[in-house]
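Q: Just one file: coords-v2.cif, with mmCIF, C-alpha atoms.
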```
data_start
loop_
_atom_site.group_PDB
_atom_site.id
_atom_site.type_symbol
_atom_site.label_atom_id
_atom_site.label_comp_id
_atom_site.auth_asym_id
_atom_site.auth_seq_id
_atom_site.Cartn_x
_atom_site.Cartn_y
_atom_site.Cartn_z
ATOM 1 C CA SER A 1 82.400 92.424 114.865
ATOM 2 C CA ALA A 2 85.410 90.553 113.490
ATOM 3 C CA VAL A 3 87.522 91.027 110.392
ATOM 4 C CA ILE A 4 87.215 87.842 108.359
ATOM 5 C CA SER A 5 88.900 87.065 105.068
ATOM 6 C CA GLN A 6 88.375 84.192 102.682
ATOM 7 C CA LYS A 7 90.515 82.856 99.860
ATOM 8 C CA PRO A 8 89.856 82.483 97.020
ATOM 9 C CA SER A 9 87.069 85.002 96.483
ATOM 10 C CA ARG A 10 85.932 83.056 93.443
ATOM 11 C CA ASP A 11 87.014 80.138 91.326
ATOM 12 C CA ILE A 12 85.939 78.126 88.321
ATOM 13 C CA CYS A 13 86.771 74.444 88.601
ATOM 14 C CA GLN A 14 86.440 71.314 86.545
ATOM 15 C CA ARG A 15 84.212 68.419 87.518
ATOM 16 C CA GLY A 16 85.996 65.835 89.616
ATOM 17 C CA THR A 17 88.579 68.174 91.101
ATOM 18 C CA SER A 18 88.798 69.568 94.644
ATOM 19 C CA LEU A 19 89.048 73.106 95.988
ATOM 20 C CA THR A 20 90.215 74.225 99.408
ATOM 21 C CA ILE A 21 88.765 77.454 100.784
ATOM 22 C CA GLN A 22 90.578 79.295 103.539
ATOM 23 C CA CYS A 23 89.034 81.422 106.280
ATOM 24 C CA GLN A 24 91.198 83.725 108.401
ATOM 25 C CA VAL A 25 89.998 85.790 111.374
ATOM 26 C CA ASP A 26 91.801 88.757 112.868
ATOM 27 C CA SER A 27 91.521 87.462 116.428
ATOM 28 C CA GLN A 28 90.933 84.216 118.263
ATOM 29 C CA VAL A 29 87.402 82.881 118.149
ATOM 30 C CA THR A 30 85.893 79.772 119.645
ATOM 31 C CA MET A 31 83.235 78.937 117.110
ATOM 32 C CA MET A 32 83.694 78.894 113.344
ATOM 33 C CA PHE A 33 81.061 77.748 110.902
ATOM 34 C CA TRP A 34 80.880 76.890 107.213
ATOM 35 C CA TYR A 35 77.751 77.620 105.173
ATOM 36 C CA ARG A 36 76.629 77.099 101.616
ATOM 37 C CA GLN A 37 74.348 79.506 99.780
ATOM 38 C CA GLN A 38 73.096 78.200 96.479
ATOM 39 C CA PRO A 39 71.866 80.663 93.856
ATOM 40 C CA GLY A 40 68.748 82.458 95.029
ATOM 41 C CA GLN A 41 68.621 80.425 98.217
ATOM 42 C CA SER A 42 69.185 81.026 101.897
ATOM 43 C CA LEU A 43 72.121 79.838 103.955
ATOM 44 C CA THR A 44 72.564 76.189 104.845
ATOM 45 C CA LEU A 45 74.980 75.201 107.579
ATOM 46 C CA ILE A 46 77.504 72.610 106.432
ATOM 47 C CA ALA A 47 79.453 72.107 109.641
ATOM 48 C CA THR A 48 80.841 73.638 112.792
ATOM 49 C CA ALA A 49 84.639 73.740 112.821
ATOM 50 C CA ASN A 50 85.974 72.837 116.240
ATOM 51 C CA GLN A 51 89.518 73.666 117.240
ATOM 52 C CA GLY A 52 91.446 70.573 118.186
ATOM 53 C CA SER A 53 88.741 68.099 117.254
ATOM 54 C CA GLU A 54 86.735 66.844 114.314
ATOM 55 C CA ALA A 55 84.187 69.125 112.717
ATOM 56 C CA THR A 56 80.522 68.561 113.470
ATOM 57 C CA TYR A 57 78.564 68.048 110.259
ATOM 58 C CA GLU A 58 74.908 68.776 109.609
ATOM 59 C CA SER A 59 72.523 66.278 108.127
ATOM 60 C CA GLY A 60 73.212 65.800 104.437
ATOM 61 C CA PHE A 61 76.876 66.781 104.633
ATOM 62 C CA VAL A 62 79.715 64.289 105.115
ATOM 63 C CA ILE A 63 83.391 64.565 105.925
ATOM 64 C CA ASP A 64 84.521 62.761 102.781
ATOM 65 C CA LYS A 65 82.875 65.376 100.610
ATOM 66 C CA PHE A 66 83.588 68.443 102.771
ATOM 67 C CA PRO A 67 86.686 67.841 104.898
ATOM 68 C CA ILE A 68 87.357 70.674 107.331
ATOM 69 C CA SER A 69 90.468 71.620 109.240
ATOM 70 C CA ARG A 70 90.730 73.950 112.239
ATOM 71 C CA PRO A 71 94.392 74.010 113.245
ATOM 72 C CA ASN A 72 94.080 77.045 115.544
ATOM 73 C CA LEU A 73 91.634 79.644 116.849
ATOM 74 C CA THR A 74 92.019 82.045 113.899
ATOM 75 C CA PHE A 75 92.009 79.787 110.844
ATOM 76 C CA SER A 76 89.948 77.093 109.145
ATOM 77 C CA THR A 77 89.730 75.443 105.754
ATOM 78 C CA LEU A 78 86.880 73.784 103.910
ATOM 79 C CA THR A 79 87.603 71.459 101.006
ATOM 80 C CA VAL A 80 84.962 70.687 98.417
ATOM 81 C CA SER A 81 85.978 67.285 97.055
ATOM 82 C CA ASN A 82 85.253 65.508 93.792
ATOM 83 C CA MET A 83 83.186 68.453 92.631
ATOM 84 C CA SER A 84 80.142 68.312 90.403
ATOM 85 C CA PRO A 85 78.111 71.183 88.912
ATOM 86 C CA GLU A 86 75.680 70.803 91.837
ATOM 87 C CA ASP A 87 78.433 72.105 94.116
ATOM 88 C CA SER A 88 78.336 75.474 92.370
ATOM 89 C CA SER A 89 77.491 77.825 95.193
ATOM 90 C CA ILE A 90 78.763 80.536 97.485
ATOM 91 C CA TYR A 91 80.639 79.150 100.475
ATOM 92 C CA LEU A 92 80.770 81.329 103.558
ATOM 93 C CA CYS A 93 82.610 81.050 106.811
ATOM 94 C CA SER A 94 81.295 82.741 109.918
ATOM 95 C CA VAL A 95 82.487 83.224 113.464
ATOM 96 C CA GLN A 96 80.847 83.699 116.783
ATOM 97 C CA ARG A 97 82.751 86.346 118.657
ATOM 98 C CA GLY A 98 81.893 86.962 122.270
ATOM 99 C CA MET A 99 79.422 85.250 124.530
ATOM 100 C CA VAL A 100 76.183 85.791 122.637
ATOM 101 C CA ARG A 101 75.062 82.465 121.251
ATOM 102 C CA GLY A 102 74.100 82.651 117.633
ATOM 103 C CA GLU A 103 75.541 86.103 117.002
ATOM 104 C CA GLN A 104 77.645 85.351 113.953
ATOM 105 C CA PHE A 105 79.693 87.470 111.592
ATOM 106 C CA PHE A 106 80.348 86.369 108.048
ATOM 107 C CA GLY A 107 83.322 86.409 105.773
ATOM 108 C CA PRO A 108 82.987 87.790 102.243
ATOM 109 C CA GLY A 109 82.348 84.362 100.735
ATOM 110 C CA THR A 110 83.853 82.236 97.985
ATOM 111 C CA ARG A 111 81.897 81.963 94.755
ATOM 112 C CA LEU A 112 82.499 78.547 93.239
ATOM 113 C CA THR A 113 81.472 77.520 89.733
ATOM 114 C CA VAL A 114 81.941 73.895 88.683
ATOM 115 C CA LEU A 115 81.875 73.129 84.976
ATOM 116 C CA GLN B 1 61.744 69.932 112.081
ATOM 117 C CA LYS B 2 62.997 73.305 113.145
ATOM 118 C CA GLU B 3 61.958 75.890 110.586
ATOM 119 C CA VAL B 4 62.114 79.585 110.068
ATOM 120 C CA GLU B 5 59.706 81.032 107.557
ATOM 121 C CA GLN B 6 59.652 84.343 105.763
ATOM 122 C CA ASN B 7 57.682 85.760 102.889
ATOM 123 C CA SER B 8 60.127 85.694 99.982
ATOM 124 C CA GLY B 9 58.709 88.861 98.469
ATOM 125 C CA PRO B 10 59.647 90.894 96.622
ATOM 126 C CA LEU B 11 58.345 93.586 98.927
ATOM 127 C CA SER B 12 58.206 97.027 97.361
ATOM 128 C CA VAL B 13 57.994 100.082 99.616
ATOM 129 C CA PRO B 14 58.051 103.773 98.637
ATOM 130 C CA GLU B 15 60.995 105.803 99.838
ATOM 131 C CA GLY B 16 60.286 107.374 103.220
ATOM 132 C CA ALA B 17 57.658 104.797 104.194
ATOM 133 C CA ILE B 18 57.893 102.041 106.805
ATOM 134 C CA ALA B 19 59.011 98.615 105.608
ATOM 135 C CA SER B 20 57.684 95.707 107.652
ATOM 136 C CA LEU B 21 59.387 92.315 107.443
ATOM 137 C CA ASN B 22 57.993 89.270 109.173
ATOM 138 C CA CYS B 23 59.341 85.923 110.331
ATOM 139 C CA THR B 24 57.817 82.936 112.123
ATOM 140 C CA TYR B 25 59.648 80.039 113.710
ATOM 141 C CA SER B 26 58.558 76.606 114.769
ATOM 142 C CA ASP B 27 60.839 75.717 117.686
ATOM 143 C CA ARG B 28 59.569 77.031 121.015
ATOM 144 C CA GLY B 29 63.044 76.441 122.450
ATOM 145 C CA SER B 30 64.419 79.272 120.347
ATOM 146 C CA GLN B 31 66.215 81.852 122.424
ATOM 147 C CA SER B 32 67.915 84.419 120.246
ATOM 148 C CA PHE B 33 66.735 86.085 117.081
ATOM 149 C CA PHE B 34 68.683 87.952 114.465
ATOM 150 C CA TRP B 35 68.116 89.997 111.354
ATOM 151 C CA TYR B 36 70.757 90.007 108.656
ATOM 152 C CA ARG B 37 70.865 92.231 105.603
ATOM 153 C CA GLN B 38 72.382 90.842 102.418
ATOM 154 C CA TYR B 39 73.081 93.006 99.423
ATOM 155 C CA SER B 40 73.290 91.290 96.073
ATOM 156 C CA GLY B 41 76.669 89.626 95.662
ATOM 157 C CA LYS B 42 77.671 90.304 99.265
ATOM 158 C CA SER B 43 77.708 88.273 102.462
ATOM 159 C CA PRO B 44 75.107 88.691 105.229
ATOM 160 C CA GLU B 45 75.567 91.568 107.652
ATOM 161 C CA LEU B 46 74.117 91.451 111.157
ATOM 162 C CA ILE B 47 71.858 94.447 111.753
ATOM 163 C CA MET B 48 69.665 93.534 114.739
ATOM 164 C CA SER B 49 69.556 91.047 117.600
ATOM 165 C CA ILE B 50 66.655 90.519 119.998
ATOM 166 C CA TYR B 51 66.331 88.127 122.924
ATOM 167 C CA SER B 52 63.257 89.083 124.950
ATOM 168 C CA ASN B 53 59.656 89.869 124.152
ATOM 169 C CA GLY B 54 58.872 93.396 123.047
ATOM 170 C CA ASP B 55 60.552 95.972 120.887
ATOM 171 C CA LYS B 56 64.203 96.839 120.414
ATOM 172 C CA GLU B 57 65.102 99.989 118.539
ATOM 173 C CA ASP B 58 68.366 100.897 116.848
ATOM 174 C CA GLY B 59 68.257 104.003 114.699
ATOM 175 C CA ARG B 60 65.726 103.486 111.930
ATOM 176 C CA PHE B 61 65.407 99.780 112.735
ATOM 177 C CA THR B 62 63.019 98.226 115.247
ATOM 178 C CA ALA B 63 62.932 94.508 115.962
ATOM 179 C CA GLN B 64 59.816 93.063 117.572
ATOM 180 C CA LEU B 65 59.591 89.685 119.273
ATOM 181 C CA ASN B 66 56.538 87.752 120.437
ATOM 182 C CA LYS B 67 57.576 84.350 121.747
ATOM 183 C CA ALA B 68 54.012 83.265 122.504
ATOM 184 C CA SER B 69 53.107 83.708 118.851
ATOM 185 C CA GLN B 70 56.571 82.565 117.674
ATOM 186 C CA TYR B 71 56.877 85.687 115.616
ATOM 187 C CA VAL B 72 59.652 88.193 115.049
ATOM 188 C CA SER B 73 59.549 91.238 112.821
ATOM 189 C CA LEU B 74 61.755 94.027 111.593
ATOM 190 C CA LEU B 75 60.492 97.536 110.918
ATOM 191 C CA ILE B 76 62.539 99.968 108.871
ATOM 192 C CA ARG B 77 61.392 103.567 109.249
ATOM 193 C CA ASP B 78 62.037 106.290 106.691
ATOM 194 C CA SER B 79 63.062 103.673 104.121
ATOM 195 C CA GLN B 80 65.924 104.628 101.850
ATOM 196 C CA PRO B 81 66.950 103.177 98.474
ATOM 197 C CA SER B 82 70.079 101.892 100.227
ATOM 198 C CA ASP B 83 67.820 99.626 102.301
ATOM 199 C CA SER B 84 67.045 97.604 99.166
ATOM 200 C CA ALA B 85 68.441 94.164 99.944
ATOM 201 C CA THR B 86 67.427 90.690 101.054
ATOM 202 C CA TYR B 87 66.670 90.460 104.764
ATOM 203 C CA LEU B 88 67.336 87.150 106.468
ATOM 204 C CA CYS B 89 65.755 86.125 109.742
ATOM 205 C CA ALA B 90 67.868 83.750 111.836
ATOM 206 C CA VAL B 91 67.068 81.871 115.014
ATOM 207 C CA ASN B 92 69.303 80.305 117.643
ATOM 208 C CA ASN B 93 68.036 77.406 119.701
ATOM 209 C CA PHE B 94 68.737 76.673 123.332
ATOM 210 C CA GLY B 95 71.847 74.648 124.001
ATOM 211 C CA ASN B 96 73.883 75.286 120.889
ATOM 212 C CA GLU B 97 75.503 78.013 118.888
ATOM 213 C CA LYS B 98 73.953 77.195 115.523
ATOM 214 C CA LEU B 99 71.708 79.482 113.518
ATOM 215 C CA THR B 100 68.754 78.457 111.419
ATOM 216 C CA PHE B 101 68.031 80.880 108.609
ATOM 217 C CA GLY B 102 64.813 81.732 106.881
ATOM 218 C CA THR B 103 64.677 81.953 103.115
ATOM 219 C CA GLY B 104 64.874 85.749 103.194
ATOM 220 C CA THR B 105 62.633 88.587 102.028
ATOM 221 C CA ARG B 106 63.764 90.696 99.104
ATOM 222 C CA LEU B 107 62.997 94.347 99.813
ATOM 223 C CA THR B 108 62.988 97.054 97.171
ATOM 224 C CA ILE B 109 62.664 100.724 98.133
ATOM 225 C CA ILE B 110 61.134 102.727 95.308
ATOM 226 C CA PRO B 111 62.451 106.314 94.973
#
```
Would you put the structure from the file into structure tokens?
A:
Amino acid sequence: SAVISQKPSRDICQRGTSLTIQCQVDSQVTMMFWYRQQPGQSLTLIATANQGSEATYESGFVIDKFPISRPNLTFSTLTVSNMSPEDSSIYLCSVQRGMVRGEQFFGPGTRLTVL
Amino acid sequence: QKEVEQNSGPLSVPEGAIASLNCTYSDRGSQSFFWYRQYSGKSPELIMSIYSNGDKEDGRFTAQLNKASQYVSLLIRDSQPSDSATYLCAVNNFGNEKLTFGTGTRLTIIP
């Protein structure tokens, strides 16, 4: 597995503001992913963060709302822009380490509450 | 649409008994199958992976895969109260690294 940290662990934000979530991995990884888990729900993939290129977004998620950076192989950020209460959720980063497709390890998550 | 389905539960099992968790998937191109355990307030933790038909055992956990029936299950033997959690089934499809998650089954082990 990999050691993954996220900052902040939780935050309470006002409507209309933006929050940037950081994800740091203890070693270089090729694939990094950002998920959202709304209360009582399963995980929904937001985007795949690609090093050196634009992120690949899933249906229903757009770059203007969730801009992602991946400056190197150990770090990524997800910004939640112009937040509304509907963005209240847990945001998780995950990494694929090794050659097994789909075998992902998750960070501890960021619990976001938007008032 | 690619889907992964699980019974949301809650599933209650007496301590020491076998807990059986089930998952079906719709995409026949699925190649890899994973079970994650998620404690309340925590992030998912990978506990089992299975790639070929049949059984795979790891300690008290056994994953079973039947690609013809598009069915994967997780058995937990000698259930302990510490096994109480939500179990998420996840599927990886051929040609990409993405995972599709089921909605999860909440398991409660009754002492």
Q: Might you pull out every residue within 10 Å of segment 61-77 of chain B, with only C-alpha atoms counted and same-chain residues fewer than 5 positions away left off, and present them as a ChimeraX atom specification?
A: /B:4-6,15-35,47-56,83,87,89-91
Q: Within 6 Å of segment 10-21 of chain A, counting only C-alpha atoms, which residues show up once you throw out same-chain ones fewer than 5 positions away? Write them as a ChimeraX atom specification, please.
A: /A:77-84,110-115
Q: Starting from chain B, keep only residues with some atom at most 7 Å from an atom of chain A, counting all atoms listed in the file, and report them as a PyMOL selection string.
A: chain B and resi 32+42-44+46+92+97-99+101-104
Q: Mind giving me the straight-line distance from atom CA of Pro10 of chain B to atom CA of Val95 of chain A in Å, one decimal?
A: 29.4 Å
Q: Do you have the atom CA of Ser5 of chain A-atom CA of Tyr36 of chain B distance handy?
A: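 About the pair atom CA of Ser5 of chain A and atom CA of Tyr36 of chain B: they are 18.7 Å apart.
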Q: Mind checking which residues fall within 10 Å of segment 84-86 of chain B, counting all atoms listed in the file, ignoring those fewer than 5 positions away in the same chain, and posting them as an NGL selection string?
A: (:A and (42)) or (:B and (8-13 or 36-40 or 44 or 79 or 103-110))
